Amino acid sequence: MAVLTSSSQNLQVHRFPQDHYIDSLRWLPQLSAFHRHIILAAFDSESSTSSLQILNSSNSSSNPPELTFQSSLTTPSRITSLTTSQNPNKPLIAASTFSGSLLLYTADLVNGSLEFVDSVDEKGFHLGRVNGIDVSENGSEFVSVGEDGRINWVSFVGGGLSTRKVFDSNGLVSYGAVKWASPVEFVSGGLGFGLQWWDQRRSGGPVSQFKANWTRGTTSGIVHSIDIHPSRKHTCLAGGSSGTVFAWDLRWQQQPIMLSGVGTSDLSALSPSESDVWEVQYDNYTTSSNYRNVSESRVLPAMICSEDGILAVIEQGEEPVELLAEPCAINSFDIDRQNPSVCETLSDDNFDVLTFFKSIISRCLVANNSISLK
């Protein structure tokens, strides 16, 4: 593991090596100013076992960060995606898997323990890998998308899970990511850099679609991650293959706003990465920008992580700012909206790293075979 700390302009790295592969991680709600909890999905390649683990991160202004293992539960399949509710007492943790199931847990942050609640793994839910999952703002509804072209809605009511099929492409489309936009709307993304806007009040298919016509048939890519800012729900941020990051504004539906991409001629949109962008999130806490002063016509700053080990901030009309370059992939990251903080994941075949970045303005958590904080 590694922790990056910054109290001024200087950045320091504190590493905490791990003996397992880290697939994904997320911040959990904060209980105190000096103690944070992290949920991570781990995989032991020697025993081929997967698990969810809770770690406690403690830090003071005079001491380097410390990371303490608290609890672990073995999962029946390897985790592909994690999402958490923001209930400060016992947050829900939903995990999607390679085998096509959804697992639901609760975390007791006082005791640092995990408890299994329920799962959805019956035939007809997903065939094969579930690529993306997201939880609604109320913390009781989930939406999942899979490589099988299925989209499912899951509700947690009365202590159990119930499901409903939203859409089934019968294998004609593969979905890579999903994100709630409102209590009844969500956005999916997949092959061809396509995005689809769904409204549960209207059945039969998406209410709006974006097709990546700018590729003109020369690029075949897939969307791996989507983010939607709560103050600008008309704009979707998407990242995927070949370092591509773009925004889809519903007010100009067929004209993408390119932020990063290997094939673009716009110097300010050149990608800091030439490989898959595994995760994108709006970065409201960068020192260079105050998002409240950003014009409605501009896309808010975004943070990305990539297969070639890059953690960077990109901003419309500006050159990208590289924050970290690792010798292994950075699988995912998560921005803590409360602190604020950012959490990311790195991956490598030989070692696993989780990294924390801590600064006056923001924190970032990263994982491959160690951990870092900014």
# chains A, B, ... in the order shown; residues from 1 in each chain; ligands from 1
>>> residues_around(residues="range 164-166 of chain A", least_positions_apart="3", cutoff="7 Å", atoms="only C-alpha atoms", output="list in words")
Ile151, Asn152, Trp153 and Val154 of chain A
>>> write_last_selection(atoms="N, CA and C atoms", output="short mmCIF file (atom, residue, chain, number, x, y, z; two decimals), in the first residue's frame")
data_model
loop_
_atom_site.label_atom_id
_atom_site.label_comp_id
_atom_site.auth_asym_id
_atom_site.auth_seq_id
_atom_site.Cartn_x
_atom_site.Cartn_y
_atom_site.Cartn_z
N ILE A 151 -30.06 -5.08 -18.62
CA ILE A 151 -30.13 -4.03 -17.61
C ILE A 151 -31.19 -4.43 -16.61
N ASN A 152 -30.83 -4.46 -15.33
CA ASN A 152 -31.75 -4.89 -14.28
C ASN A 152 -31.86 -3.84 -13.18
N TRP A 153 -33.06 -3.71 -12.66
CA TRP A 153 -33.34 -2.84 -11.51
C TRP A 153 -33.53 -3.73 -10.28
N VAL A 154 -32.89 -3.35 -9.19
CA VAL A 154 -32.95 -4.13 -7.95
C VAL A 154 -33.38 -3.21 -6.82
#
>>> residues_around(residues="range 25-27 of chain A", least_positions_apart="6", cutoff="6 Å", atoms="only C-alpha atoms", output="short mmCIF file (atom, residue, chain, number, x, y, z; two decimals) with C-alpha atoms, in the first residue's frame")
data_model
loop_
_atom_site.label_atom_id
_atom_site.label_comp_id
_atom_site.auth_asym_id
_atom_site.auth_seq_id
_atom_site.Cartn_x
_atom_site.Cartn_y
_atom_site.Cartn_z
CA ILE A 38 -12.41 1.88 3.24
CA ILE A 39 -14.17 -1.08 1.66
CA LEU A 40 -12.10 -2.98 -0.89
CA ASP A 334 -13.62 7.25 -5.59
#
>>> select_by_dssp(residues="range 72-115 of chain A", states="strand (DSSP E or B)", output="PyMOL selection string")
chain A and resi 72-75+79-84+92-97+102-108+113-115
>>> atom_distance(atom1="CA of Val130 in chain A", atom2="CA of Gly240 in chain A")
16.7 Å
>>> residues_around(residues="range 74-90 of chain A", least_positions_apart="6", cutoff="7 Å", atoms="only C-alpha atoms", output="MDAnalysis selection string")
chainID A and resid 23:25 29:31 41 43 50:52 96:99 106:109 130:135 139
>>> select_by_dssp(residues="range 104-322 of chain A", states="helix (DSSP H, G or I)", output="list in words")
Asn213, Trp214, Thr215, Ser241, Ser242, Gly243, Leu250, Arg251, Trp252, Leu267, Ser268, Ala269, Tyr291, Arg292 and Asn293 of chain A
>>> residues_around(residues="Leu323 in chain A", least_positions_apart="4", cutoff="8 Å", atoms="only C-alpha atoms", output="PyMOL selection string")
chain A and resi 310-313
>>> write_last_selection(atoms="all heavy atoms", output="CSV table (one decimal), in the first residue's frame")
chain,number,residue,atom,x,y,z
A,310,ILE,N,-2.0,5.9,-15.0
A,310,ILE,CA,-2.0,7.3,-14.9
A,310,ILE,C,-3.2,7.8,-14.1
A,310,ILE,O,-4.4,7.3,-14.3
A,310,ILE,CB,-2.2,8.0,-16.3
A,310,ILE,CG1,-0.9,7.6,-17.2
A,310,ILE,CG2,-2.3,9.5,-16.2
A,310,ILE,CD1,0.4,8.1,-16.6
A,311,LEU,N,-3.0,8.7,-13.2
A,311,LEU,CA,-4.0,9.4,-12.4
A,311,LEU,C,-3.9,10.9,-12.8
A,311,LEU,O,-2.8,11.4,-12.7
A,311,LEU,CB,-3.9,9.2,-10.9
A,311,LEU,CG,-4.8,10.1,-10.1
A,311,LEU,CD1,-6.3,9.5,-10.2
A,311,LEU,CD2,-4.4,10.1,-8.6
A,312,ALA,N,-4.9,11.4,-13.4
A,312,ALA,CA,-4.8,12.8,-13.9
A,312,ALA,C,-6.1,13.6,-13.8
A,312,ALA,O,-7.2,13.0,-13.6
A,312,ALA,CB,-4.4,12.8,-15.4
A,313,VAL,N,-6.0,14.9,-13.8
A,313,VAL,CA,-7.1,15.8,-13.9
A,313,VAL,C,-7.2,16.4,-15.2
A,313,VAL,O,-6.2,16.9,-15.7
A,313,VAL,CB,-7.0,16.9,-12.8
A,313,VAL,CG1,-8.1,17.9,-13.0
A,313,VAL,CG2,-7.1,16.3,-11.4
>>> atom_distance(atom1="CA of Trp180 in chain A", atom2="CA of Val245 in chain A")
18.8 Å
